[in-house]
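These notes are about the structure you will find just below.
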Amino acid sequence: MTIADVCASCNNGPLSTLDAYICELYDQYFHQFHDRGSSIKFHYDWWQLSNWFLKASYNAARAAKNQHDIKTLARCTDFIRGIDKRQPDIAIWVDLTEPSYIAEKTESGIYSAKTLTPSMVRFAKVQIPDKKLQHYTLRLVAINSFYFYLAIPVRPYMVPQMSELARICEFFSLMTSLDPELTMATISTTGLAVHNIVMPHLRQNEESYRSFIESQKNA
């Protein structure tokens, strides 16, 4: 995803470095799918990983015209561009999403198992069903099996709002929290399969997808 108004020196400098780092992680980790019961050791550079997540989330929020998240993430641009050398003030959790297995009927009438892999890249806003957050924005960055959830304060390094932060931590409690002081985490599957993640989105946006498919048929 490219945003046209980013200066060339940023695109060819710190932003290019972040993109190169994520490409390395893709080749090392993200290209693989993981079945139930899987557990891996994930090595990471917190500064590069968190800044790329902020960059990608900012671009996605702008593309979606999500004004609230645009305003929040715009305050993180000094981190993204390497001007502010502090660790980005965000929390990150990660989950390994499993493939789903469905029964598919063949022409001969015999059912066979079909594997649905989480082969997609997604950037989205996340909401906690029973809690309206005023001081944090939650974002998803999903790359195939790896679903990263970000908690971003509306103002970097503000005084933590403990009631909201406690609910966020509880909501993501089954997932692995990435520690900014470490460089490795053990990530395991938690039982969430791709259909658990994708189906609510598809149901909510069913008409939009149907209209798009029809428009492609008539193109």
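Identifiers in this document derive from the order of the structure tokens: chains are assigned A, B, ..., residues are numbered from 1 separately in each chain, and ligands are numbered from 1 in order of occurrence.
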- Message: At a cut-off of 10 Å, using only C-alpha atoms, what residues contact Ser57 of chain A? Leave out same-chain residues fewer than 6 positions from it and give the result as a PyMOL selection string.
- Response: chain A and resi 51+63+69-70+73+122-125+139-141+150
Please save N, CA and C atoms of the selected residues as a compact mmCIF listing (two decimals), in the first residue's frame.
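That gives us out38.txt:
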```txt
# COMPACT_ATOMS: atom_id res chain seq x y z
N ASN A 51 7.46 -0.21 14.55
CA ASN A 51 7.37 0.94 13.66
C ASN A 51 6.75 0.57 12.31
N ALA A 63 -6.30 5.13 4.05
CA ALA A 63 -7.01 4.57 2.90
C ALA A 63 -8.48 4.35 3.21
N ASP A 69 -8.56 7.08 13.90
CA ASP A 69 -7.28 6.38 13.89
C ASP A 69 -6.20 7.17 13.15
N ILE A 70 -6.60 7.90 12.12
CA ILE A 70 -5.63 8.76 11.42
C ILE A 70 -5.03 9.76 12.41
N LEU A 73 -2.69 7.88 14.90
CA LEU A 73 -1.47 7.36 14.29
C LEU A 73 -0.57 8.46 13.74
N ARG A 122 -4.21 -8.48 6.15
CA ARG A 122 -5.32 -7.62 6.56
C ARG A 122 -4.82 -6.54 7.50
N PHE A 123 -5.39 -5.36 7.35
CA PHE A 123 -5.17 -4.25 8.27
C PHE A 123 -6.55 -3.74 8.66
N ALA A 124 -6.85 -3.66 9.94
CA ALA A 124 -8.21 -3.30 10.34
C ALA A 124 -8.23 -2.71 11.74
N LYS A 125 -9.31 -1.99 12.01
CA LYS A 125 -9.60 -1.52 13.36
C LYS A 125 -10.24 -2.65 14.14
N ARG A 139 -5.69 -1.96 16.75
CA ARG A 139 -5.53 -2.24 15.32
C ARG A 139 -5.06 -3.68 15.13
N LEU A 140 -5.45 -4.24 13.99
CA LEU A 140 -5.01 -5.58 13.59
C LEU A 140 -4.07 -5.46 12.40
N VAL A 141 -2.98 -6.21 12.45
CA VAL A 141 -2.11 -6.42 11.29
C VAL A 141 -1.97 -7.93 11.14
N LEU A 150 -2.54 -4.55 18.06
CA LEU A 150 -1.83 -3.41 18.62
C LEU A 150 -2.75 -2.59 19.50
```
- Write down as a count of residues only the residues belonging to segment 37-182 of chain A that are assigned helix (DSSP H, G or I) by DSSP computed on the backbone. 41
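Note that atom CA of Tyr58 of chain A and atom CA of Tyr147 of chain A are 17.2 Å apart.
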- Message: To one decimal place in Å, what is the distance between atom CA of Lys41 of chain A and atom CA of Ala185 of chain A?
- Response: 5.8 Å
For segment 40-122 of chain A versus segment 30-34 of chain A, which residues have an atom no more than 10 Å away, and what is each residue's nearest atom pair and distance in Å rounded to one decimal, using only C-alpha atoms, chain-then-number order, as a tab-separated table?
```
residue	atom	partner	partner_atom	distance
A:Ile40	CA	A:His34	CA	9.2
A:Leu96	CA	A:His34	CA	7.0
A:Thr97	CA	A:His34	CA	7.3
A:Glu98	CA	A:His34	CA	5.8
A:Pro99	CA	A:His34	CA	7.3
A:Thr117	CA	A:Phe33	CA	7.2
A:Pro118	CA	A:Phe33	CA	7.5
A:Ser119	CA	A:Phe33	CA	8.2
```
- Message: Taking 3 positions as the minimum chain separation for residues in the same chain, which residues sit within 9 Å of Pro88 of chain A when counting only C-alpha atoms? Answer as number ranges by chain.
- Response: A: 46-47, 50-51, 54, 76, 79-80, 84-85, 91, 156-157
- So which residues touch Cys23 of chain A within 12 Å, counting only C-alpha atoms, skipping near sequence neighbours fewer than 6 positions away, as an MDAnalysis selection string? chainID A and resid 16:17 29:31 48:49 52 143
- Message: Neighbouring residues of Thr72 of chain A were defined as those with any atom within 12 Å, considering only C-alpha atoms; residues of the same chain fewer than 2 positions away were excluded. Please report them as a PyMOL selection string.
- Response: chain A and resi 54+57-58+61-62+66-70+74-77+89-90+134-139+151-156
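Considering only C-alpha atoms, the residue among A:Ala193, A:Ile213, A:Val159, A:Met120 positioned nearest to Asp35 of chain A is A:Ala193.
Ranking A:Asn144, A:Ser177, A:Thr106, A:Ser163 by their shortest atom-to-atom distance to Val194 of chain A, with only C-alpha atoms included, puts A:Asn144 first.
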- What are the DSSP strand (DSSP E) residues of segment 1-204 of chain A, as a VMD selection string? chain A and resid 39 to 43 91 to 98 100 to 105 111 to 116 121 to 126 136 to 143 146 to 153 176 to 177 184 to 193
- Item | Separation of atom CA of Tyr209 of chain A from atom CA of Leu133 of chain A, in Å and rounded to one decimal | 29.0 Å
- Name the closest residue to Tyr101 of chain A among the candidates A:Lys132, A:Arg36, A:Glu206, A:Asn218; distances are taken between atoms, counting only C-alpha atoms. A:Arg36
